[in-house]
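The data block below is entry_25.tsv; it holds TSV, C-alpha atoms and all ligand atoms.
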chain	number	residue	atom	x	y	z
F	80	MET	CA	60.46	-2.43	15.52
F	81	PHE	CA	62.85	-3.54	12.84
F	82	THR	CA	65.21	-5.93	14.56
F	83	ARG	CA	68.17	-7.99	13.50
F	84	ARG	CA	66.16	-11.08	14.42
F	85	SER	CA	63.46	-10.23	11.90
F	86	LEU	CA	66.02	-9.40	9.23
F	87	LEU	CA	67.68	-12.78	9.74
F	88	THR	CA	64.35	-14.60	9.79
F	89	ALA	CA	63.45	-12.92	6.51
F	90	ALA	CA	66.83	-13.90	5.16
F	91	SER	CA	66.54	-17.54	6.19
F	92	THR	CA	62.99	-18.03	4.89
F	93	GLY	CA	64.06	-16.34	1.66
F	94	ALA	CA	66.60	-19.11	1.22
F	95	ALA	CA	63.78	-21.43	0.11
F	96	ALA	CA	63.12	-19.22	-2.91
F	97	ALA	CA	66.80	-18.96	-3.69
F	98	SER	CA	67.10	-22.74	-4.02
F	99	LEU	CA	64.25	-23.13	-6.50
F	100	PRO	CA	64.80	-25.24	-9.60
F	101	GLY	CA	66.35	-23.06	-12.24
F	102	SER	CA	67.89	-20.63	-9.77
F	103	ALA	CA	71.54	-20.53	-8.81
F	104	THR	CA	71.44	-23.61	-6.54
F	105	ALA	CA	75.05	-24.46	-7.30
F	106	ALA	CA	76.34	-21.17	-5.89
F	107	PRO	CA	78.56	-21.56	-2.83
F	108	ALA	CA	76.61	-21.28	0.42
F	109	SER	CA	78.34	-18.09	1.45
F	110	SER	CA	77.52	-16.15	-1.71
F	111	GLU	CA	73.96	-17.49	-1.63
F	112	SER	CA	73.47	-16.39	1.95
F	113	ARG	CA	74.99	-13.02	1.11
F	114	ALA	CA	72.47	-12.65	-1.72
F	115	VAL	CA	69.64	-13.61	0.59
F	116	GLU	CA	70.78	-11.16	3.26
F	117	SER	CA	71.08	-8.40	0.72
F	118	ARG	CA	67.54	-9.11	-0.53
F	119	ALA	CA	66.25	-8.95	3.03
F	120	ALA	CA	68.05	-5.65	3.55
F	121	ASN	CA	66.40	-4.33	0.36
F	122	TYR	CA	62.96	-5.21	1.75
F	123	ALA	CA	63.78	-3.42	4.98
F	124	ARG	CA	64.92	-0.36	3.02
F	125	ALA	CA	61.73	-0.44	0.93
F	126	LEU	CA	59.73	-0.51	4.15
F	127	ASP	CA	61.83	2.37	5.52
F	128	PHE	CA	60.77	4.36	2.48
F	129	CYS	CA	57.07	3.56	3.12
F	130	VAL	CA	57.50	4.84	6.69
F	131	GLU	CA	59.27	7.98	5.46
F	132	ARG	CA	56.38	8.87	3.15
F	133	ILE	CA	53.70	8.02	5.73
F	134	ARG	CA	55.43	9.93	8.52
F	135	ALA	CA	55.86	13.04	6.37
F	136	LEU	CA	52.18	13.08	5.45
F	137	ALA	CA	50.54	11.94	8.68
F	138	PRO	CA	50.25	15.33	10.47
F	139	GLU	CA	48.36	16.89	7.58
F	140	VAL	CA	45.96	14.08	6.65
F	141	THR	CA	42.38	14.91	7.55
F	142	GLY	CA	40.32	12.39	5.53
F	143	TYR	CA	41.11	9.10	3.80
F	144	PRO	CA	43.36	9.03	0.73
F	145	GLU	CA	41.45	7.69	-2.28
F	146	ARG	CA	43.81	8.20	-5.25
F	147	THR	CA	46.33	10.79	-6.34
F	148	GLU	CA	45.89	13.53	-8.88
F	149	PHE	CA	49.22	14.77	-10.14
F	150	GLU	CA	50.87	12.96	-7.22
F	151	LYS	CA	48.81	14.56	-4.41
F	152	TRP	CA	46.16	12.62	-2.52
F	153	VAL	CA	42.50	13.28	-3.15
F	154	TYR	CA	40.63	12.56	0.10
F	155	ASN	CA	37.37	10.88	0.88
F	156	ASP	CA	35.87	12.21	4.11
F	157	ASP	CA	33.86	9.22	5.27
F	158	GLY	CA	36.29	6.62	3.94
F	159	GLY	CA	34.33	5.32	0.90
F	160	TRP	CA	35.56	1.74	0.43
F	161	VAL	CA	39.19	2.74	1.04
F	162	GLY	CA	39.01	4.15	4.58
F	163	GLY	CA	40.76	1.17	6.20
F	164	PHE	CA	43.99	1.57	4.26
F	165	TRP	CA	45.35	4.82	5.69
F	166	PRO	CA	45.02	3.70	9.34
F	167	GLY	CA	46.31	0.33	8.13
F	168	GLN	CA	49.42	1.95	6.68
F	169	LEU	CA	49.94	3.92	9.87
F	170	TRP	CA	49.80	0.68	11.90
F	171	LEU	CA	52.32	-0.97	9.56
F	172	ALA	CA	54.60	2.07	9.79
F	173	HIS	CA	54.27	1.95	13.59
F	174	LEU	CA	55.17	-1.77	13.64
F	175	HIS	CA	58.24	-1.27	11.47
F	176	SER	CA	59.54	1.86	13.16
F	177	GLY	CA	58.29	1.51	16.73
F	178	ASP	CA	57.32	5.20	16.51
F	179	ALA	CA	54.56	5.82	19.09
F	180	GLU	CA	53.37	8.96	17.29
F	181	LEU	CA	52.48	6.85	14.23
F	182	GLY	CA	50.44	4.63	16.53
F	183	ARG	CA	48.54	7.69	17.78
F	184	HIS	CA	47.83	8.77	14.20
F	185	ALA	CA	46.62	5.23	13.45
F	186	ARG	CA	44.19	5.33	16.37
F	187	ARG	CA	42.79	8.70	15.34
F	188	SER	CA	42.34	7.68	11.73
F	189	ALA	CA	40.76	4.31	12.62
F	190	SER	CA	38.38	5.99	15.09
F	191	GLY	CA	37.03	8.16	12.29
F	192	LEU	CA	35.48	5.06	10.71
F	193	GLU	CA	33.36	4.20	13.75
F	194	ARG	CA	29.95	5.02	12.31
F	195	ARG	CA	30.66	2.97	9.18
F	196	ALA	CA	30.36	-0.22	11.29
F	197	THR	CA	26.59	-0.01	10.89
F	198	ASP	CA	26.62	1.03	7.23
F	199	THR	CA	24.31	-1.44	5.49
F	200	SER	CA	24.87	0.05	2.03
F	201	THR	CA	28.15	-1.71	1.21
F	202	HIS	CA	29.94	-5.05	1.28
F	203	ASP	CA	33.27	-3.28	1.87
F	204	LEU	CA	33.21	-3.68	5.64
F	205	GLY	CA	36.20	-6.02	5.67
F	206	PHE	CA	38.29	-3.57	3.65
F	207	LEU	CA	37.20	-0.83	6.06
F	208	PHE	CA	37.59	-2.60	9.40
F	209	TYR	CA	40.25	-5.29	8.99
F	210	PRO	CA	43.44	-3.25	8.38
F	211	SER	CA	42.25	-0.57	10.81
F	212	TRP	CA	40.18	-1.92	13.73
F	213	VAL	CA	41.16	-5.61	13.72
F	214	THR	CA	44.83	-4.65	13.53
F	215	ALA	CA	44.28	-2.06	16.27
F	216	TRP	CA	42.81	-4.79	18.48
F	217	ARG	CA	45.68	-7.16	17.78
F	218	ILE	CA	48.31	-4.51	18.49
F	219	THR	CA	46.76	-2.78	21.51
F	220	GLY	CA	44.70	-5.63	22.98
F	221	GLU	CA	41.88	-3.13	23.61
F	222	ARG	CA	38.50	-4.84	23.41
F	223	ALA	CA	36.66	-1.78	21.97
F	224	TRP	CA	38.40	-2.25	18.62
F	225	LEU	CA	37.28	-5.86	18.44
F	226	ASP	CA	33.72	-4.88	19.40
F	227	GLY	CA	33.62	-2.36	16.55
F	228	ALA	CA	34.90	-4.97	14.10
F	229	LEU	CA	32.24	-7.42	15.32
F	230	ARG	CA	29.54	-4.78	14.77
F	231	ALA	CA	30.81	-4.42	11.21
F	232	ALA	CA	30.71	-8.20	10.75
F	233	ASP	CA	27.08	-8.25	11.93
F	234	THR	CA	26.22	-5.50	9.48
F	235	LEU	CA	27.86	-7.43	6.65
F	236	THR	CA	25.72	-10.52	7.31
F	237	ARG	CA	22.64	-8.45	6.50
F	238	ARG	CA	23.71	-8.48	2.85
F	239	TYR	CA	23.44	-12.25	2.65
F	240	ASN	CA	21.02	-13.65	0.07
F	241	GLU	CA	19.93	-17.08	1.38
F	242	ARG	CA	18.57	-18.38	-1.91
F	243	GLY	CA	21.59	-17.46	-3.97
F	244	ARG	CA	24.03	-18.14	-1.10
F	245	PHE	CA	25.95	-14.90	-1.72
F	246	LEU	CA	26.66	-11.50	-0.18
F	247	ARG	CA	25.30	-8.70	-2.27
F	248	ALA	CA	28.03	-6.31	-3.41
F	249	TRP	CA	26.56	-2.90	-4.03
F	250	GLY	CA	23.58	-0.76	-3.14
F	251	GLU	CA	21.24	-0.11	-0.24
F	252	LEU	CA	19.46	-3.24	1.00
F	253	ASP	CA	16.06	-2.05	-0.27
F	254	ASP	CA	17.36	-0.95	-3.69
F	255	PRO	CA	16.44	-3.54	-6.35
F	256	HIS	CA	19.10	-2.22	-8.75
F	257	ARG	CA	22.05	-4.68	-8.84
F	258	ALA	CA	20.53	-6.66	-5.94
F	259	GLY	CA	21.85	-9.89	-7.48
F	260	TRP	CA	25.37	-8.65	-8.29
F	261	VAL	CA	28.29	-10.47	-6.74
F	262	ILE	CA	31.86	-9.24	-7.19
F	263	VAL	CA	35.17	-11.03	-6.79
F	264	ASP	CA	36.43	-8.29	-4.40
F	265	THR	CA	34.06	-9.56	-1.69
F	266	MET	CA	36.39	-12.52	-1.16
F	267	MET	CA	38.54	-10.06	0.82
F	268	ASN	CA	35.69	-9.18	3.18
F	269	LEU	CA	35.12	-12.76	4.34
F	270	ASP	CA	37.98	-12.77	6.85
F	271	LEU	CA	36.01	-10.31	8.99
F	272	LEU	CA	33.20	-12.90	9.20
F	273	LEU	CA	35.62	-15.74	9.88
F	274	LEU	CA	37.22	-13.74	12.68
F	275	ALA	CA	33.76	-13.06	14.14
F	276	ALA	CA	32.99	-16.80	14.00
F	277	GLU	CA	36.23	-17.58	15.79
F	278	VAL	CA	35.94	-15.06	18.61
F	279	THR	CA	32.20	-15.37	19.24
F	280	GLY	CA	31.85	-19.09	18.55
F	281	GLN	CA	28.78	-18.33	16.39
F	282	ARG	CA	28.87	-20.59	13.36
F	283	ARG	CA	26.51	-18.47	11.28
F	284	TYR	CA	29.32	-16.04	10.36
F	285	ALA	CA	31.46	-18.88	9.02
F	286	GLU	CA	28.51	-20.48	7.22
F	287	ILE	CA	27.85	-17.25	5.33
F	288	ALA	CA	31.55	-16.79	4.51
F	289	THR	CA	32.02	-20.32	3.21
F	290	ALA	CA	28.72	-20.29	1.29
F	291	HIS	CA	29.74	-17.05	-0.40
F	292	ALA	CA	33.21	-18.44	-1.20
F	293	ASP	CA	31.65	-21.59	-2.70
F	294	THR	CA	29.30	-19.48	-4.83
F	295	THR	CA	32.23	-17.33	-6.00
F	296	ALA	CA	34.29	-20.43	-6.83
F	297	ARG	CA	31.41	-21.87	-8.85
F	298	GLN	CA	30.35	-18.80	-10.83
F	299	LEU	CA	33.17	-16.22	-10.84
F	300	VAL	CA	36.16	-18.53	-11.22
F	301	ARG	CA	36.40	-20.02	-14.69
F	302	GLU	CA	37.74	-23.44	-15.65
F	303	ASP	CA	41.14	-21.96	-16.61
F	304	GLY	CA	41.52	-20.20	-13.24
F	305	SER	CA	40.70	-16.71	-14.52
F	306	THR	CA	37.94	-14.69	-12.85
F	307	CYS	CA	35.20	-12.35	-13.97
F	308	HIS	CA	34.74	-9.19	-11.95
F	309	VAL	CA	30.96	-9.39	-11.53
F	310	PHE	CA	28.41	-12.20	-11.70
F	311	GLU	CA	24.70	-11.49	-11.80
F	312	PHE	CA	22.13	-13.69	-10.07
F	313	ASP	CA	18.37	-13.42	-10.01
F	314	PRO	CA	18.01	-11.90	-6.53
F	315	GLU	CA	14.58	-13.52	-5.98
F	316	SER	CA	15.30	-17.12	-6.97
F	317	GLY	CA	19.10	-17.02	-6.57
F	318	ARG	CA	19.44	-18.48	-10.09
F	319	PRO	CA	22.80	-17.72	-11.77
F	320	LEU	CA	22.35	-15.46	-14.81
F	321	ARG	CA	25.51	-14.05	-16.41
F	322	GLN	CA	29.10	-12.83	-16.12
F	323	ARG	CA	29.53	-9.07	-16.16
F	324	THR	CA	32.19	-6.51	-15.43
F	325	ALA	CA	32.41	-3.09	-13.83
F	326	GLN	CA	36.12	-2.33	-13.65
F	327	GLY	CA	37.46	-4.88	-16.13
F	328	TYR	CA	37.69	-4.74	-19.92
F	329	SER	CA	34.67	-7.01	-20.53
F	330	ALA	CA	32.47	-9.69	-18.99
F	331	THR	CA	34.82	-12.37	-20.32
F	332	SER	CA	38.10	-10.62	-19.56
F	333	CYS	CA	40.24	-10.92	-16.44
F	334	TRP	CA	40.52	-7.72	-14.39
F	335	ALA	CA	43.93	-7.86	-12.74
F	336	ARG	CA	43.08	-6.54	-9.28
F	337	GLY	CA	40.08	-8.86	-9.13
F	338	GLN	CA	42.34	-11.83	-9.89
F	339	SER	CA	44.60	-10.72	-7.03
F	340	TRP	CA	41.63	-10.38	-4.65
F	341	ALA	CA	40.73	-13.97	-5.58
F	342	VAL	CA	44.24	-15.30	-4.86
F	343	TYR	CA	44.45	-13.57	-1.50
F	344	GLY	CA	40.80	-14.21	-0.56
F	345	PHE	CA	40.66	-17.95	-1.34
F	346	THR	CA	44.02	-18.51	0.35
F	347	THR	CA	42.70	-16.79	3.48
F	348	VAL	CA	39.43	-18.72	3.51
F	349	PHE	CA	41.42	-21.96	3.25
F	350	ARG	CA	43.76	-20.90	6.06
F	351	ARG	CA	40.90	-20.03	8.39
F	352	THR	CA	38.60	-22.99	7.61
F	353	GLY	CA	41.08	-25.74	6.67
F	354	GLN	CA	38.68	-26.79	3.89
F	355	ARG	CA	40.78	-28.19	1.10
F	356	ARG	CA	38.50	-27.16	-1.77
F	357	PHE	CA	39.36	-23.52	-1.11
F	358	LEU	CA	43.06	-24.28	-1.38
F	359	ASP	CA	42.45	-25.93	-4.76
F	360	VAL	CA	40.69	-22.77	-5.99
F	361	ALA	CA	43.42	-20.55	-4.54
F	362	ARG	CA	46.05	-22.49	-6.46
F	363	ARG	CA	44.04	-22.43	-9.67
F	364	VAL	CA	43.58	-18.64	-9.58
F	365	ALA	CA	47.20	-18.12	-8.49
F	366	ASP	CA	48.53	-20.28	-11.31
F	367	HIS	CA	46.45	-18.32	-13.80
F	368	LEU	CA	47.75	-15.04	-12.40
F	369	VAL	CA	51.36	-16.20	-12.61
F	370	ARG	CA	50.86	-17.34	-16.23
F	371	SER	CA	49.27	-13.99	-17.13
F	372	LEU	CA	51.96	-11.67	-15.77
F	373	PRO	CA	53.81	-9.62	-18.37
F	374	PRO	CA	57.61	-10.09	-18.41
F	375	GLU	CA	58.04	-6.91	-16.35
F	376	HIS	CA	56.01	-8.57	-13.51
F	377	VAL	CA	53.80	-5.52	-12.88
F	378	PRO	CA	50.23	-6.54	-13.84
F	379	VAL	CA	48.51	-4.97	-16.82
F	380	TRP	CA	45.17	-3.57	-15.52
F	381	ASP	CA	43.26	-6.34	-17.33
F	382	TYR	CA	45.14	-9.43	-18.47
F	383	ARG	CA	42.81	-9.76	-21.48
F	384	SER	CA	42.90	-6.14	-22.60
F	385	PRO	CA	43.53	-6.19	-26.36
F	386	TYR	CA	46.60	-4.02	-25.71
F	387	ALA	CA	48.13	-6.37	-23.13
F	388	PRO	CA	50.99	-6.73	-22.37
F	389	TYR	CA	51.59	-3.07	-23.35
F	390	ASP	CA	48.51	-1.51	-21.75
F	391	VAL	CA	48.55	0.62	-18.58
F	392	ARG	CA	49.63	-1.12	-15.38
F	393	ASP	CA	48.02	-1.62	-12.04
F	394	SER	CA	50.70	-1.72	-9.37
F	395	SER	CA	48.02	-2.28	-6.70
F	396	ALA	CA	47.13	-5.60	-8.34
F	397	GLY	CA	50.80	-6.55	-8.00
F	398	ALA	CA	50.94	-5.59	-4.31
F	399	VAL	CA	47.75	-7.52	-3.45
F	400	ALA	CA	48.94	-10.56	-5.41
F	401	ALA	CA	52.31	-10.51	-3.61
F	402	CYS	CA	50.52	-10.77	-0.23
F	403	GLY	CA	48.32	-13.64	-1.42
F	404	LEU	CA	51.19	-15.52	-3.05
F	405	LEU	CA	53.37	-15.22	0.06
F	406	ASP	CA	50.62	-16.77	2.18
F	407	LEU	CA	50.00	-19.44	-0.45
F	408	ALA	CA	53.72	-20.28	-0.51
F	409	THR	CA	53.65	-20.73	3.26
F	410	VAL	CA	50.58	-22.98	3.31
F	411	THR	CA	51.58	-25.12	0.30
F	412	GLY	CA	55.35	-25.12	0.84
F	413	HIS	CA	55.73	-24.26	-2.87
F	414	GLY	CA	58.64	-21.86	-3.16
F	415	ARG	CA	57.64	-20.85	-6.69
F	416	TYR	CA	54.76	-18.77	-5.29
F	417	ARG	CA	57.18	-16.99	-3.01
F	418	ALA	CA	59.67	-16.50	-5.85
F	419	THR	CA	56.95	-14.86	-7.99
F	420	ALA	CA	55.85	-12.66	-5.10
F	421	GLU	CA	59.43	-11.53	-4.57
F	422	ARG	CA	59.89	-10.79	-8.27
F	423	MET	CA	56.68	-8.77	-8.25
F	424	LEU	CA	57.82	-6.78	-5.22
F	425	ALA	CA	61.20	-6.15	-6.85
F	426	ALA	CA	59.39	-4.93	-9.98
F	427	LEU	CA	57.17	-2.62	-7.92
F	428	GLU	CA	60.22	-1.23	-6.19
F	429	SER	CA	62.23	-0.74	-9.37
F	430	SER	CA	59.56	0.55	-11.76
F	431	CYS	CA	56.67	1.93	-9.67
F	432	SER	CA	58.27	3.56	-6.62
F	433	THR	CA	57.77	7.32	-6.26
F	434	ARG	CA	61.19	7.55	-4.60
F	435	GLU	CA	62.57	9.99	-7.15
F	436	SER	CA	59.71	12.47	-6.79
F	437	ASP	CA	59.82	15.26	-4.21
F	438	ARG	CA	56.21	16.02	-4.94
F	439	ALA	CA	54.67	12.56	-4.56
F	440	GLU	CA	52.59	11.69	-1.49
F	441	GLY	CA	52.04	8.00	-2.29
F	442	VAL	CA	54.63	5.21	-2.17
F	443	LEU	CA	53.83	3.43	-5.42
F	444	GLY	CA	52.77	5.06	-8.66
F	445	ARG	CA	51.29	3.25	-11.68
F	446	GLY	CA	48.16	2.00	-9.93
F	447	THR	CA	44.91	1.93	-11.86
F	448	SER	CA	41.67	2.38	-10.01
F	449	ASN	CA	38.98	2.24	-12.69
F	450	ARG	CA	40.12	2.09	-16.30
F	451	PRO	CA	36.66	1.95	-17.98
F	452	ALA	CA	35.50	4.99	-15.97
F	453	GLU	CA	38.82	6.70	-16.71
F	454	ARG	CA	39.23	7.43	-13.00
F	455	GLY	CA	42.65	7.05	-11.42
F	456	ILE	CA	44.88	5.67	-14.16
F	457	GLU	CA	48.54	5.00	-13.35
F	458	VAL	CA	48.37	6.92	-10.08
F	459	SER	CA	49.05	6.18	-6.41
F	460	LEU	CA	46.31	4.25	-4.63
F	461	PRO	CA	45.99	3.71	-0.87
F	462	TYR	CA	45.37	-0.02	-1.32
F	463	GLY	CA	48.48	-0.35	-3.51
F	464	ASP	CA	50.54	1.35	-0.81
F	465	TYR	CA	48.88	-0.61	2.01
F	466	TYR	CA	49.34	-4.09	0.47
F	467	TYR	CA	52.87	-3.26	-0.68
F	468	ALA	CA	53.80	-2.44	2.93
F	469	GLU	CA	51.85	-5.50	4.15
F	470	ALA	CA	53.81	-7.80	1.80
F	471	LEU	CA	57.11	-6.24	2.88
F	472	THR	CA	56.13	-6.64	6.54
F	473	ARG	CA	55.63	-10.39	5.91
F	474	LEU	CA	59.21	-10.57	4.64
F	475	VAL	CA	60.91	-8.27	7.14
F	476	HIS	CA	58.92	-9.04	10.30
F	477	PRO	CA	57.32	-12.47	9.74
F	478	GLU	CA	56.49	-13.05	13.39
F	479	GLU	CA	54.91	-9.63	13.88
F	480	ALA	CA	52.98	-10.12	10.64
F	481	ARG	CA	51.53	-13.38	11.97
F	482	ASP	CA	50.73	-11.91	15.38
F	483	TYR	CA	49.32	-8.53	14.35
F	484	LEU	CA	48.12	-9.00	10.77
F	485	GLY	CA	47.02	-12.63	10.96
F	486	THR	CA	49.20	-13.68	8.00
F	487	ALA	CA	50.27	-17.27	7.29
F	501	LIG	N1	37.25	-3.14	-4.31
F	501	LIG	C1	37.26	-2.17	-5.33
F	501	LIG	C2	38.50	-2.20	-6.15
F	501	LIG	O1	39.31	-3.09	-6.05
F	501	LIG	O2	38.66	-1.29	-6.92
This entry written out as structure tokens:
Amino acid sequence: MFTRRSLLTAASTGAAAASLPGSATAAPASSESRAVESRAANYARALDFCVERIRALAPEVTGYPERTEFEKWVYNDDGGWVGGFWPGQLWLAHLHSGDAELGRHARRSASGLERRATDTSTHDLGFLFYPSWVTAWRITGERAWLDGALRAADTLTRRYNERGRFLRAWGELDDPHRAGWVIVDTMMNLDLLLLAAEVTGQRRYAEIATAHADTTARQLVREDGSTCHVFEFDPESGRPLRQRTAQGYSATSCWARGQSWAVYGFTTVFRRTGQRRFLDVARRVADHLVRSLPPEHVPVWDYRSPYAPYDVRDSSAGAVAACGLLDLATVTGHGRYRATAERMLAALESSCSTRESDRAEGVLGRGTSNRPAERGIEVSLPYGDYYYAEALTRLVHPEEARDYLGTA
């Protein structure tokens, strides 16, 4: 569904970034608009490439891509935490191309997650059900998709710890191990609760989401705007205990994908609730992220790794950040967030694309899943590919992105 209208809309909104202080504001209008149009055409071409890869793979995908090994996807049969991203990519490819067959693949893949809606062992229900079932509902209008997403939202509320005012990240509900662990990633699962609050009118969903966001802002976001990956609470009293990490370099470091989850998550919670304190946190974490980027503009896997800025990259952190920064630019009117997002996308396209490989199944390489565990280092990741396509969709099809993805 790539139309000239959406190309021109992308071009005209891009003009804000092109007239930022320090950019070529003195250029004649015609050359500036030519530059803007050519950037918009580049985004459309980048999205064409995403569709090409997705379309080629779709008929043979049986499970849910988790990460690549030597450029080929390794699948997870029940979806793990990543199951929402393959149907999500299929929906994005369907939106961009208008190809009905991609829509049918998206339905089949999303349907395979159905039993996960009652899975009480994980906080990842937003990651699982938002890009897949919520998007399916928005695109098709079929109520069954919304009902499934609402079931998942209900399940997620069961992880709420009233005393600590947080959603538990990992583990079965009756498992005392890590019962008080909160992770920054959960910020991305709150939109499922906020959607449930909006469509059902039940305030409890929103109360849990905002309480969790407040707790995250207080304990996981540091004064300088950096984040820790994990914070441990006493699960009985709710008392805050200590910073920790799982996927970052250390308890006091700044894991890059986590920082991106914070930017996107706090921006979304502000957009849905209108509560100004969440915007302040979103800006603080975004400003820290922007300050931490290496000159190449593809995030190092942990901004405080002793080898930064030369350590391995995480392209997925760049793709997630681009989405969050584009929304933040829209809600604040600050073009510098958009300019950074566009530079990050250009860097992903120029230094992480798998375009030159006949063998590759993913769209972006150089994503890092779990550096400390040495699992998935500088590989393709389904969330990198999904958020890259989501960011490009914001730029190429802004109206469709608002209508079907709920973007700013
Ligand atoms: N949510 C898990 C991760 O970002 O790796």
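Remark: for Val278 in chain F, the closest of the candidate residues F:Val263, F:Val360, F:Leu225, F:Ala420 is F:Leu225 (distances computed over all atoms listed in the file).
Of note, CA of Val348 in chain F and CA of Arg445 in chain F are spaced 29.2 Å apart.
Using all atoms listed in the file, the residues found no farther than 9 Å from Ser200 in chain F, other than those of its own chain fewer than 6 positions away, are Arg238, Ala248, Trp249, Gly250, Glu251 and Leu252 of chain F.
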Closest-contact table, chain F side, partner ligand LIG 501 (chain F), 8 Å, counting all atoms listed in the file, as CSV:
residue,atom,partner,partner_atom,distance
F:Trp160,CA,F:LIG501,N1,7.0
F:Asp203,CA,F:LIG501,N1,7.4
F:Asp264,CA,F:LIG501,N1,5.2
F:Thr265,CA,F:LIG501,N1,7.6
F:Gln326,CA,F:LIG501,O2,7.3
F:Arg336,CA,F:LIG501,O1,6.0
F:Gly337,CA,F:LIG501,O1,6.6
F:Trp340,CA,F:LIG501,O1,7.8
F:Ser448,CA,F:LIG501,O2,5.7
F:Asn449,CA,F:LIG501,O2,6.8
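With CA of Thr347 in chain F on one side and CA of Gly205 in chain F on the other, the separation reads 12.8 Å.
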Pick from F:Phe128, F:Phe164, F:Trp224, F:Tyr328 nearest to Glu145 in chain F, counting all atoms listed in the file: F:Phe164
Counting only C-alpha atoms, what is within 12 Å of Trp380 in chain F, bar same-chain residues fewer than 6 positions away, as a VMD selection string? chain F and resid 326 to 328 332 to 339 371 to 373 386 to 397 445 to 451 455 to 457
Atom pair CA of Ala426 in chain F / CA of Asn155 in chain F: separation (Å): 29.2 Å
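When all atoms listed in the file are used to compute distances to Leu405 in chain F, the closest of the residues F:Ser176, F:Thr214, F:Thr486, F:Ser436 turns out to be F:Thr486.
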Selected residue, from F:Arg323, F:Arg481, F:His184, F:Arg230, that lies nearest to Leu299 in chain F when counting all atoms listed in the file: F:Arg323
Proximity to Thr295 in chain F - best of F:Leu320, F:Ala401, F:Leu273, F:Ile262, only C-alpha atoms: F:Ile262
Anything within 10 Å of (60.6, 6.6, -4.1): list those residues as a ChimeraX atom specification, counting only C-alpha atoms and sticking to the file's coordinates. /F:125,128-129,131-132,428-437,439-444
Export, as a compact mmCIF listing (two decimals), keeping the file's coordinate frame, the selected residues with C-alpha atoms.
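This is the output file out_13.txt:
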# COMPACT_ATOMS: atom_id res chain seq x y z
CA ALA F 125 61.73 -0.44 0.93
CA PHE F 128 60.77 4.36 2.48
CA CYS F 129 57.07 3.56 3.12
CA GLU F 131 59.27 7.98 5.46
CA ARG F 132 56.38 8.87 3.15
CA GLU F 428 60.22 -1.23 -6.19
CA SER F 429 62.23 -0.74 -9.37
CA SER F 430 59.56 0.55 -11.76
CA CYS F 431 56.67 1.93 -9.67
CA SER F 432 58.27 3.56 -6.62
CA THR F 433 57.77 7.32 -6.26
CA ARG F 434 61.19 7.55 -4.60
CA GLU F 435 62.57 9.99 -7.15
CA SER F 436 59.71 12.47 -6.79
CA ASP F 437 59.82 15.26 -4.21
CA ALA F 439 54.67 12.56 -4.56
CA GLU F 440 52.59 11.69 -1.49
CA GLY F 441 52.04 8.00 -2.29
CA VAL F 442 54.63 5.21 -2.17
CA LEU F 443 53.83 3.43 -5.42
CA GLY F 444 52.77 5.06 -8.66
Scan for residues within 10 Å of the point (31.6, -9.7, 14.0) in the coordinates of the file, using all atoms listed in the file, and reply as a VMD selection string. chain F and resid 196 225 to 236 271 to 279 281 284
Pick from F:Glu302, F:Glu221, F:Glu286, F:Glu478 nearest to Arg186 in chain F, counting only C-alpha atoms: F:Glu221
